[in-house]
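What follows is the content of query-v8.csv (CSV, C-alpha atoms (C1' of nucleotides)).
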chain,number,residue,atom,x,y,z
A,1,MET,CA,147.2,107.3,102.4
A,2,THR,CA,147.6,110.4,100.3
A,3,GLY,CA,150.1,113.1,101.4
A,4,ALA,CA,149.4,115.0,104.6
A,5,LYS,CA,148.9,118.1,102.5
A,6,LEU,CA,145.3,117.1,101.7
A,7,PRO,CA,143.1,117.1,104.7
A,8,LEU,CA,140.1,114.9,104.9
A,9,LEU,CA,137.0,116.9,104.3
A,10,LYS,CA,133.3,116.2,104.4
A,11,PRO,CA,131.2,117.0,101.3
A,12,MET,CA,129.1,120.1,101.1
A,13,LEU,CA,125.4,119.4,101.6
A,14,ALA,CA,122.1,120.7,100.2
A,15,VAL,CA,118.7,121.7,101.6
A,16,THR,CA,115.6,120.4,100.0
A,17,ALA,CA,113.5,122.7,97.8
A,18,ALA,CA,110.8,122.8,95.1
A,19,PRO,CA,111.7,123.5,91.4
A,20,PHE,CA,112.5,127.1,90.6
A,21,ASP,CA,114.2,129.4,88.0
A,22,HIS,CA,116.9,131.8,89.1
A,23,TRP,CA,119.7,133.5,87.2
A,24,GLU,CA,122.2,133.1,90.0
A,25,TYR,CA,121.9,129.3,90.0
A,26,ILE,CA,123.0,126.4,87.9
A,27,PHE,CA,121.1,123.1,87.8
A,28,GLU,CA,122.6,119.7,87.5
A,29,ILE,CA,121.4,116.1,87.6
A,30,LYS,CA,121.1,114.6,91.1
A,31,TRP,CA,123.0,111.4,90.7
A,32,ASP,CA,121.7,108.5,92.8
A,33,GLY,CA,124.8,106.8,94.2
A,34,TYR,CA,127.4,107.1,96.9
A,35,ARG,CA,128.6,110.6,97.6
A,36,CYS,CA,132.4,110.5,97.4
A,37,LEU,CA,135.3,112.9,97.6
A,38,ALA,CA,138.2,111.6,95.5
A,39,TYR,CA,141.8,112.3,96.7
A,40,LEU,CA,144.1,112.2,93.7
A,41,ASP,CA,147.8,112.2,94.1
A,42,GLY,CA,150.2,109.3,93.5
A,43,ASN,CA,147.1,107.2,93.9
A,44,THR,CA,143.4,107.5,94.1
A,45,GLU,CA,141.6,107.4,97.5
A,46,LEU,CA,137.8,107.4,97.7
A,47,ARG,CA,136.0,108.7,100.9
A,48,SER,CA,132.4,108.5,101.8
A,49,ARG,CA,130.2,111.3,103.3
A,50,ASN,CA,131.4,110.1,106.7
A,51,LEU,CA,135.0,109.8,105.7
A,52,ILE,CA,134.9,106.0,105.4
A,53,ASN,CA,137.4,104.7,102.9
A,54,LEU,CA,135.5,103.4,99.9
A,55,SER,CA,138.6,102.5,97.8
A,56,PRO,CA,138.7,98.8,98.5
A,57,GLY,CA,135.1,98.4,97.2
A,58,PHE,CA,135.7,100.1,93.9
A,59,PRO,CA,139.0,98.8,92.4
A,60,GLU,CA,138.0,99.9,88.9
A,61,LEU,CA,138.0,103.6,90.1
A,62,LEU,CA,141.5,103.6,91.6
A,63,ASN,CA,143.1,104.9,88.4
A,64,LEU,CA,141.3,108.2,88.5
A,65,HIS,CA,144.6,110.1,89.3
A,66,ARG,CA,145.9,108.9,85.9
A,67,GLN,CA,143.0,110.6,84.1
A,68,ALA,CA,143.5,114.0,85.8
A,69,ALA,CA,145.8,116.9,85.6
A,70,SER,CA,147.0,119.4,88.3
A,71,LEU,CA,147.7,116.9,91.0
A,72,PRO,CA,147.4,116.7,94.0
A,73,ALA,CA,143.6,117.3,93.6
A,74,VAL,CA,140.5,116.7,95.5
A,75,LEU,CA,137.3,116.2,93.6
A,76,ASP,CA,133.6,115.9,94.7
A,77,GLY,CA,131.3,113.6,92.9
A,78,GLU,CA,129.1,110.6,93.1
A,79,ILE,CA,129.9,106.9,92.5
A,80,VAL,CA,127.2,105.4,90.4
A,81,ILE,CA,126.4,102.3,88.5
A,82,LEU,CA,124.7,103.0,85.2
A,83,ASN,CA,122.0,100.7,83.9
A,84,ASN,CA,120.6,101.8,80.5
A,85,GLY,CA,122.0,105.2,81.1
A,86,LEU,CA,120.3,105.6,84.5
A,87,PRO,CA,122.0,105.2,87.9
A,88,SER,CA,120.9,102.1,89.7
A,89,PHE,CA,121.2,102.5,93.5
A,90,SER,CA,120.2,98.9,94.1
A,91,ALA,CA,123.0,97.6,91.9
A,92,LEU,CA,125.4,99.8,93.9
A,93,GLN,CA,124.0,98.5,97.2
A,94,GLU,CA,125.0,95.0,96.2
A,95,ARG,CA,128.6,96.2,95.9
A,96,GLY,CA,128.8,98.8,98.6
A,97,ARG,CA,129.4,96.4,101.6
A,98,LEU,CA,131.3,93.6,99.9
A,99,ALA,CA,134.5,92.8,101.8
A,100,ASP,CA,135.9,89.8,100.0
A,101,PRO,CA,138.4,90.9,97.3
A,102,GLY,CA,137.5,88.1,94.9
A,103,ARG,CA,133.8,88.9,95.1
A,104,ILE,CA,134.6,92.6,94.7
A,105,LYS,CA,136.7,91.9,91.6
A,106,ARG,CA,133.9,89.9,89.9
A,107,ALA,CA,131.3,92.5,90.8
A,108,ALA,CA,133.5,95.2,89.4
A,109,ALA,CA,133.8,93.4,86.1
A,110,LYS,CA,130.1,92.6,85.8
A,111,MET,CA,128.8,96.0,86.9
A,112,PRO,CA,131.5,98.6,86.7
A,113,ALA,CA,131.0,101.9,88.6
A,114,VAL,CA,131.6,105.3,87.2
A,115,TYR,CA,132.7,108.5,89.0
A,116,VAL,CA,130.5,111.4,88.1
A,117,VAL,CA,132.4,114.5,89.2
A,118,PHE,CA,130.9,117.9,89.8
A,119,ASP,CA,133.2,120.0,91.9
A,120,VAL,CA,136.9,120.5,92.8
A,121,LEU,CA,138.2,121.4,96.3
A,122,TYR,CA,142.0,121.2,95.7
A,123,ALA,CA,143.9,121.6,92.4
A,124,GLY,CA,147.7,121.6,92.0
A,125,GLY,CA,147.9,121.0,95.7
A,126,LYS,CA,146.2,124.3,96.5
A,127,PRO,CA,142.8,124.8,98.0
A,128,VAL,CA,140.2,126.3,95.7
A,129,LEU,CA,137.3,126.1,98.2
A,130,LYS,CA,137.0,129.9,98.4
A,131,GLU,CA,136.7,130.3,94.7
A,132,PRO,CA,133.1,130.9,93.5
A,133,LEU,CA,131.4,127.9,92.0
A,134,ALA,CA,131.6,129.3,88.5
A,135,ARG,CA,135.4,129.5,88.8
A,136,ARG,CA,135.6,126.0,90.3
A,137,LYS,CA,133.7,124.6,87.4
A,138,GLU,CA,136.4,126.1,85.1
A,139,ILE,CA,139.1,124.7,87.2
A,140,LEU,CA,137.4,121.3,87.2
A,141,SER,CA,137.2,121.1,83.4
A,142,ALA,CA,141.0,121.8,83.3
A,143,VAL,CA,141.7,119.1,86.0
A,144,VAL,CA,139.5,116.4,84.4
A,145,PRO,CA,139.4,116.3,80.7
A,146,GLY,CA,137.0,113.4,80.9
A,147,GLY,CA,137.9,109.7,80.8
A,148,LYS,CA,136.8,106.2,80.7
A,149,ASN,CA,135.2,105.9,84.1
A,150,ILE,CA,135.1,109.5,85.1
A,151,ILE,CA,132.4,111.8,83.8
A,152,ILE,CA,131.9,115.5,84.3
A,153,SER,CA,128.4,116.3,85.4
A,154,ASP,CA,126.8,118.6,82.9
A,155,TYR,CA,124.6,121.6,84.0
A,156,VAL,CA,122.3,124.3,82.8
A,157,ARG,CA,121.9,127.9,83.9
A,158,GLU,CA,118.8,129.6,85.2
A,159,GLU,CA,116.1,127.3,83.8
A,160,GLY,CA,115.6,125.0,86.7
A,161,ARG,CA,112.0,124.1,86.2
A,162,ALA,CA,112.3,122.9,82.6
A,163,PHE,CA,115.5,121.0,83.5
A,164,PHE,CA,113.8,119.3,86.4
A,165,GLN,CA,110.9,118.3,84.2
A,166,ALA,CA,113.3,116.9,81.6
A,167,CYS,CA,115.2,114.9,84.2
A,168,ALA,CA,112.1,113.6,85.9
A,169,GLY,CA,110.8,112.5,82.5
A,170,ARG,CA,114.0,110.6,81.8
A,171,GLY,CA,113.6,108.7,85.1
A,172,LEU,CA,116.3,110.6,87.1
A,173,GLU,CA,116.0,111.2,90.8
A,174,GLY,CA,115.9,115.0,90.5
A,175,VAL,CA,118.2,118.0,90.2
A,176,VAL,CA,120.5,120.0,92.4
A,177,ALA,CA,120.6,123.8,92.2
A,178,LYS,CA,123.8,125.6,93.1
A,179,ARG,CA,124.5,129.2,93.5
A,180,LEU,CA,127.2,130.4,91.1
A,181,ASN,CA,129.0,132.7,93.4
A,182,SER,CA,129.1,130.3,96.4
A,183,PRO,CA,132.2,129.0,98.0
A,184,TYR,CA,132.7,125.3,98.8
A,185,LEU,CA,131.7,124.9,102.5
A,186,PRO,CA,132.8,121.4,103.6
A,187,GLY,CA,130.3,119.5,105.8
A,188,LYS,CA,127.9,122.5,105.7
A,189,ARG,CA,124.2,122.4,104.7
A,190,SER,CA,123.0,125.7,103.3
A,191,ALA,CA,120.8,127.3,100.7
A,192,HIS,CA,123.8,127.6,98.4
A,193,TRP,CA,122.9,124.1,97.3
A,194,LYS,CA,119.3,122.9,96.9
A,195,LYS,CA,118.2,119.4,96.1
A,196,ILE,CA,115.0,119.1,94.2
A,197,ARG,CA,113.8,115.6,94.3
A,198,ARG,CA,111.1,113.9,92.3
A,199,THR,CA,108.6,112.4,94.6
A,200,ARG,CA,105.8,110.0,93.9
A,201,SER,CA,102.5,109.7,95.7
A,202,ALA,CA,100.3,106.7,96.6
A,203,GLU,CA,97.2,106.0,98.5
A,204,LEU,CA,97.7,102.8,100.5
A,205,VAL,CA,95.8,100.7,103.0
A,206,ILE,CA,96.9,100.6,106.6
A,207,CYS,CA,97.1,96.9,107.5
A,208,GLY,CA,98.8,97.2,110.9
A,209,TYR,CA,101.3,99.1,112.9
A,210,GLU,CA,104.4,98.6,114.9
A,211,PRO,CA,104.9,100.3,118.3
A,212,GLY,CA,107.8,102.8,118.7
A,213,ARG,CA,109.7,103.9,121.7
A,214,GLY,CA,108.0,105.5,124.7
A,215,GLY,CA,104.5,104.6,123.6
A,216,ALA,CA,104.9,106.3,120.3
A,217,LEU,CA,103.9,105.0,116.9
A,218,GLY,CA,106.8,103.2,115.2
A,219,SER,CA,105.5,102.6,111.7
A,220,LEU,CA,102.4,101.8,109.7
A,221,ILE,CA,102.3,98.6,107.7
A,222,LEU,CA,101.1,99.3,104.2
A,223,GLY,CA,99.5,97.3,101.4
A,224,GLY,CA,97.8,97.9,98.1
A,225,TYR,CA,95.5,95.7,96.0
A,226,LYS,CA,96.8,93.8,93.0
A,227,ASP,CA,94.6,91.3,91.2
A,228,GLY,CA,92.1,91.5,94.0
A,229,GLU,CA,94.7,90.7,96.7
A,230,LEU,CA,96.4,92.9,99.3
A,231,VAL,CA,100.1,93.1,98.6
A,232,TYR,CA,102.6,94.2,101.2
A,233,GLN,CA,104.4,97.4,100.1
A,234,GLY,CA,106.6,98.1,103.2
A,235,LYS,CA,106.2,100.4,106.1
A,236,VAL,CA,106.2,104.1,106.8
A,237,GLY,CA,107.7,105.5,110.0
A,238,THR,CA,108.0,109.2,109.5
A,239,GLY,CA,106.0,112.2,108.5
A,240,PHE,CA,103.5,112.2,111.4
A,241,THR,CA,103.7,114.5,114.4
A,242,ARG,CA,103.6,113.1,117.9
A,243,ARG,CA,100.0,114.1,118.1
A,244,GLU,CA,99.1,112.3,114.8
A,245,GLN,CA,100.9,109.2,116.2
A,246,GLN,CA,98.6,109.1,119.2
A,247,GLU,CA,95.5,109.7,117.0
A,248,LEU,CA,96.5,106.9,114.7
A,249,ILE,CA,97.2,104.5,117.5
A,250,SER,CA,93.8,105.1,119.1
A,251,MET,CA,92.0,104.7,115.7
A,252,LEU,CA,93.9,101.6,114.8
A,253,ASN,CA,93.4,100.0,118.2
A,254,LYS,CA,89.6,99.9,117.5
A,255,LEU,CA,90.3,97.9,114.3
A,256,VAL,CA,92.7,95.2,115.8
A,257,VAL,CA,92.4,91.7,114.4
A,258,LYS,CA,94.3,88.5,115.2
A,259,LYS,CA,95.1,87.4,111.6
A,260,PRO,CA,97.4,89.5,109.4
A,261,PRO,CA,95.4,90.8,106.4
A,262,LEU,CA,98.4,90.3,104.1
A,263,LYS,CA,101.6,88.4,103.9
A,264,VAL,CA,104.6,90.1,105.5
A,265,PRO,CA,107.9,88.2,105.7
A,266,LYS,CA,108.7,87.2,109.3
A,267,SER,CA,112.1,88.9,109.1
A,268,GLU,CA,110.4,92.2,108.5
A,269,GLN,CA,108.0,91.9,111.5
A,270,ARG,CA,108.8,93.7,114.8
A,271,HIS,CA,105.9,93.1,117.1
A,272,PRO,CA,103.2,94.0,114.6
A,273,VAL,CA,99.6,94.8,115.6
A,274,TRP,CA,97.3,93.8,112.7
A,275,VAL,CA,94.2,95.7,111.9
A,276,LYS,CA,91.2,95.4,109.6
A,277,PRO,CA,92.4,96.9,106.3
A,278,GLN,CA,90.0,99.8,106.3
A,279,LEU,CA,91.9,103.1,106.7
A,280,VAL,CA,93.7,104.7,103.8
A,281,CYS,CA,96.6,107.0,104.0
A,282,GLU,CA,98.7,109.0,101.5
A,283,VAL,CA,102.4,108.5,101.4
A,284,HIS,CA,105.2,110.0,99.4
A,285,TYR,CA,108.1,107.9,98.2
A,286,THR,CA,110.9,108.1,95.6
A,287,GLU,CA,110.6,104.7,93.9
A,288,ILE,CA,109.6,101.0,94.3
A,289,THR,CA,112.6,98.8,95.2
A,290,PRO,CA,113.2,95.5,93.4
A,291,GLU,CA,111.6,93.9,96.5
A,292,GLY,CA,108.4,95.8,95.9
A,293,ARG,CA,108.9,98.2,98.8
A,294,LEU,CA,108.5,101.9,99.0
A,295,ARG,CA,111.9,103.7,99.1
A,296,HIS,CA,112.1,106.8,101.3
A,297,PRO,CA,108.4,106.6,102.4
A,298,SER,CA,106.8,109.4,104.4
A,299,TYR,CA,103.3,109.8,105.7
A,300,LYS,CA,101.2,112.6,104.4
A,301,GLY,CA,97.9,112.1,106.2
A,302,LEU,CA,94.7,110.0,106.2
A,303,ARG,CA,92.5,109.9,103.1
A,304,ARG,CA,89.1,109.5,104.6
A,305,ASP,CA,87.5,110.1,101.1
A,306,LYS,CA,89.0,106.8,99.8
A,307,GLU,CA,87.8,103.3,100.2
A,308,ALA,CA,90.4,100.7,100.9
A,309,ALA,CA,89.2,98.6,98.0
A,310,GLN,CA,90.1,101.5,95.6
A,311,CYS,CA,93.8,101.4,96.6
A,312,SER,CA,95.8,99.6,94.0
A,313,ALA,CA,99.4,98.7,94.7
A,314,ALA,CA,101.9,101.5,94.0
A,315,ASP,CA,103.9,100.7,90.9
A,316,GLY,CA,106.4,103.6,90.7
A,317,GLY,CA,104.2,105.6,88.4
A,318,ASP,CA,102.2,108.6,89.4
A,319,PHE,CA,104.8,111.2,90.1
A,320,ASN,CA,104.0,114.4,92.0
A,321,ALA,CA,103.6,117.6,90.1
A,322,ARG,CA,105.2,120.1,92.4
B,1,DT,C1',110.0,138.6,115.6
B,2,DT,C1',110.9,135.3,112.3
B,3,DC,C1',113.8,132.4,110.1
B,4,DC,C1',117.9,129.4,109.4
B,5,DG,C1',121.2,126.0,110.5
B,6,DA,C1',122.9,122.5,113.7
B,7,DC,C1',121.8,118.7,116.3
B,8,DA,C1',119.5,114.7,118.3
B,9,DG,C1',116.3,111.3,117.6
B,10,DT,C1',113.0,108.2,115.3
B,11,DG,C1',111.6,105.8,111.4
B,12,DG,C1',112.1,103.6,106.2
B,13,DG,C1',114.7,99.9,102.3
B,14,DG,C1',118.8,97.4,101.6
B,15,DT,C1',123.5,95.2,102.1
B,16,DC,C1',127.2,92.6,104.6
B,17,DG,C1',129.3,90.5,108.5
B,18,DC,C1',129.6,89.0,113.1
B,19,DA,C1',127.9,87.3,117.5
B,20,DA,C1',124.4,85.1,120.0
B,21,DT,C1',121.2,81.5,119.9
C,1,DA,C1',122.3,76.6,110.8
C,2,DT,C1',119.5,80.3,111.8
C,3,DT,C1',118.6,84.6,113.8
C,4,DG,C1',119.3,89.1,115.5
C,5,DC,C1',121.8,93.1,115.5
C,6,DG,C1',125.1,96.8,114.2
C,7,DA,C1',127.2,99.5,110.8
C,8,DC,C1',127.2,101.3,106.6
C,9,DC,C1',124.8,103.4,102.2
C,10,DC,C1',120.7,106.0,100.6
C,11,DC,C1',117.2,108.8,103.0
C,12,DA,C1',112.3,111.7,105.3
C,13,DC,C1',110.9,113.5,108.9
C,14,DT,C1',109.8,115.9,114.0
C,15,DA,C1',111.3,118.7,117.7
C,16,DT,C1',114.4,121.9,120.0
C,17,DC,C1',117.5,125.6,120.5
C,18,DG,C1',120.5,129.5,119.7
C,19,DG,C1',121.8,133.1,117.0
C,20,DA,C1',121.5,135.6,112.6
C,21,DA,C1',118.7,138.4,109.7
Could you rewrite the structure in this file as structure tokens?
Amino acid sequence: MTGAKLPLLKPMLAVTAAPFDHWEYIFEIKWDGYRCLAYLDGNTELRSRNLINLSPGFPELLNLHRQAASLPAVLDGEIVILNNGLPSFSALQERGRLADPGRIKRAAAKMPAVYVVFDVLYAGGKPVLKEPLARRKEILSAVVPGGKNIIISDYVREEGRAFFQACAGRGLEGVVAKRLNSPYLPGKRSAHWKKIRRTRSAELVICGYEPGRGGALGSLILGGYKDGELVYQGKVGTGFTRREQQELISMLNKLVVKKPPLKVPKSEQRHPVWVKPQLVCEVHYTEITPEGRLRHPSYKGLRRDKEAAQCSAADGGDFNAR
DNA sequence: TTCCGACAGTGGGGTCGCAAT
DNA sequence: ATTGCGACCCCACTATCGGAA
């Protein structure tokens, strides 16, 4: 444990927004990893969004206190694993829940994590939470000169739209806008910080559904055509209102078939009801996982103008112009 | 009056680890 | 030995409510 002087704090959170320009805001890359407050004193302690101790899982990051000045300090940043310069969340996933020290050590050597730091809560043992962001950025660059596995997140002023386009073009998840005069509000979600995420869109075939609680719709089972065959792309379980859920259930119940129209691993089936692959819906998602599933899928409505046969499998291209 | 923030609840992909089968 | 489930990480949403703007 670090000294009692440094209280455990939750990270400040952001609301979602569309790209914009504003002179009062800076814009930085939205890093796709584990959000983490780093407590630097005689040692380094890493804490997740929910105050879980992440330190055992990332031994290669436990020397951060030796790369910083003005201790004790508390930093806010993101643990990422870089792959060709881009953060790989799936690589991080493989490490996040490892418990065996031997396996952790081998994973750390093979795919070392990096701490990307973008804010400072304590410096020289004193809170700087009430300082405006602009001032905290100055303090941060004094506390962290930059090091081997600690990187200061860069930012631009005012020109959020262009920066978002540039980041999206490079394959990054999005950007975060932060108000220059805002204090650091631990655990609070407010318009001081706005996340602007790149989303992709796909039109996919509804191949079945799974019931939810209390007669509600749980999720839709989705597929797309690849080489003339329906390929499973995962499920979508959010984005529809209660009313839309009932409408979808009654439409789908008229299309019920016995045989699944596509292959879905048994382990991913929870009382599925298969239907004739006829209805098309639009979904938004962030990326295709290595398993070929939609990540962060949300339902955007039926596409009655589309034929099922026209729906090719989502491939992670086709990103939304917002 | 309208909007914002907080909270609860449901759902997604993915991982590990443990208990029940 | 296999399976199911919970707890985490990342989330996207709907729905509600009380209070601030």
Would you mind telling me which residue in A:Glu203, A:Glu287, A:Glu244, A:Glu307 lies nearest to DT14 of chain C when using only C-alpha atoms (C1' of nucleotides)?
A:Glu244
Could you please give me, as a PDB file with C-alpha atoms (C1' of nucleotides), in the frame of the given file, the residues of protein, DNA or RNA lying at most 12 Å from (115.8, 98.9, 101.0) in the coordinate frame of the file, considering only C-alpha atoms (C1' of nucleotides)?
ATOM      1  CA  PHE A  89     121.200 102.500  93.500  1.00  0.00           C
ATOM      2  CA  SER A  90     120.200  98.900  94.100  1.00  0.00           C
ATOM      3  CA  ALA A  91     123.000  97.600  91.900  1.00  0.00           C
ATOM      4  CA  LEU A  92     125.400  99.800  93.900  1.00  0.00           C
ATOM      5  CA  GLN A  93     124.000  98.500  97.200  1.00  0.00           C
ATOM      6  CA  GLU A  94     125.000  95.000  96.200  1.00  0.00           C
ATOM      7  CA  GLN A 233     104.400  97.400 100.100  1.00  0.00           C
ATOM      8  CA  GLY A 234     106.600  98.100 103.200  1.00  0.00           C
ATOM      9  CA  LYS A 235     106.200 100.400 106.100  1.00  0.00           C
ATOM     10  CA  GLU A 268     110.400  92.200 108.500  1.00  0.00           C
ATOM     11  CA  THR A 286     110.900 108.100  95.600  1.00  0.00           C
ATOM     12  CA  GLU A 287     110.600 104.700  93.900  1.00  0.00           C
ATOM     13  CA  ILE A 288     109.600 101.000  94.300  1.00  0.00           C
ATOM     14  CA  THR A 289     112.600  98.800  95.200  1.00  0.00           C
ATOM     15  CA  PRO A 290     113.200  95.500  93.400  1.00  0.00           C
ATOM     16  CA  GLU A 291     111.600  93.900  96.500  1.00  0.00           C
ATOM     17  CA  GLY A 292     108.400  95.800  95.900  1.00  0.00           C
ATOM     18  CA  ARG A 293     108.900  98.200  98.800  1.00  0.00           C
ATOM     19  CA  LEU A 294     108.500 101.900  99.000  1.00  0.00           C
ATOM     20  CA  ARG A 295     111.900 103.700  99.100  1.00  0.00           C
ATOM     21  CA  HIS A 296     112.100 106.800 101.300  1.00  0.00           C
ATOM     22  CA  PRO A 297     108.400 106.600 102.400  1.00  0.00           C
TER      23      PRO A 297
ATOM     24  C1'  DG B  12     112.100 103.600 106.200  1.00  0.00           C
ATOM     25  C1'  DG B  13     114.700  99.900 102.300  1.00  0.00           C
ATOM     26  C1'  DG B  14     118.800  97.400 101.600  1.00  0.00           C
ATOM     27  C1'  DT B  15     123.500  95.200 102.100  1.00  0.00           C
TER      28       DT B  15
ATOM     29  C1'  DC C   9     124.800 103.400 102.200  1.00  0.00           C
ATOM     30  C1'  DC C  10     120.700 106.000 100.600  1.00  0.00           C
ATOM     31  C1'  DC C  11     117.200 108.800 103.000  1.00  0.00           C
TER      32       DC C  11
END
Segment 30-41 of chain A surroundings by all atoms listed in the file, 7 Å radius, close-in-sequence under 5 positions cut, as a ChimeraX atom specification:
/A:2,11,46-49,65,71-80,87,89,173-176 /C:9
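Going from atom CA of Asn43 of chain A to atom CA of Val114 of chain A covers 17.0 Å.
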Counting all atoms listed in the file, what is within 12 Å of DG6 of chain C, bar same-chain residues fewer than 6 positions away, as a PyMOL selection string?
chain B and resi 16-19
Close residues, DC7 of chain B itself excluded, 12 Å, only C-alpha atoms (C1' of nucleotides), min 4 positions apart in chain, as a VMD selection string:
chain C and resid 15 to 18
Just how far from atom CA of Arg179 of chain A is atom CA of His192 of chain A, in Å to one decimal?
5.2 Å
With only C-alpha atoms (C1' of nucleotides) as the counted atoms, please give the residues lying no more than 8 Å from DG11 of chain B, apart from itself and same-chain residues fewer than 6 positions off, as an mmCIF file with C-alpha atoms, in the coordinates of the input.
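Writing done, so here's result11.cif:
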data_model
loop_
_atom_site.group_PDB
_atom_site.id
_atom_site.type_symbol
_atom_site.label_atom_id
_atom_site.label_comp_id
_atom_site.auth_asym_id
_atom_site.auth_seq_id
_atom_site.Cartn_x
_atom_site.Cartn_y
_atom_site.Cartn_z
ATOM 1 C CA GLY A 218 106.800 103.200 115.200
ATOM 2 C CA SER A 219 105.500 102.600 111.700
ATOM 3 C CA VAL A 236 106.200 104.100 106.800
ATOM 4 C CA GLY A 237 107.700 105.500 110.000
ATOM 5 C CA THR A 238 108.000 109.200 109.500
#
Which protein, DNA or RNA residues have an atom at most 10 Å from (115.6, 107.5, 115.9), counting all atoms listed in the file? List them as a CSV table (one decimal) with C-alpha atoms (C1' of nucleotides), keeping the file's coordinate frame.
chain,number,residue,atom,x,y,z
A,212,GLY,CA,107.8,102.8,118.7
A,213,ARG,CA,109.7,103.9,121.7
A,218,GLY,CA,106.8,103.2,115.2
B,8,DA,C1',119.5,114.7,118.3
B,9,DG,C1',116.3,111.3,117.6
B,10,DT,C1',113.0,108.2,115.3
B,11,DG,C1',111.6,105.8,111.4
Spatial neighbours of segment 133-141 of chain A, max dist 7 Å, all atoms listed in the file, sep filter under 2 positions, as a CSV table (one decimal) with C-alpha atoms, in the coordinates of the input:
chain,number,residue,atom,x,y,z
A,119,ASP,CA,133.2,120.0,91.9
A,120,VAL,CA,136.9,120.5,92.8
A,131,GLU,CA,136.7,130.3,94.7
A,143,VAL,CA,141.7,119.1,86.0
A,144,VAL,CA,139.5,116.4,84.4
A,145,PRO,CA,139.4,116.3,80.7
A,180,LEU,CA,127.2,130.4,91.1
A,181,ASN,CA,129.0,132.7,93.4
A,182,SER,CA,129.1,130.3,96.4
A,183,PRO,CA,132.2,129.0,98.0
Using only C-alpha atoms (C1' of nucleotides), find the one residue out of C:DA20, C:DC13, C:DA7, C:DA1 that sits nearest to His284 of chain A.
C:DC13
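Atom pair atom CA of Gly57 of chain A / atom CA of Asp154 of chain A: separated by 26.1 Å.
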Top pick for closest residue to Lys130 of chain A, considering A:Pro186, A:Phe163, A:Leu82, A:Arg97 and counting all atoms listed in the file:
A:Pro186
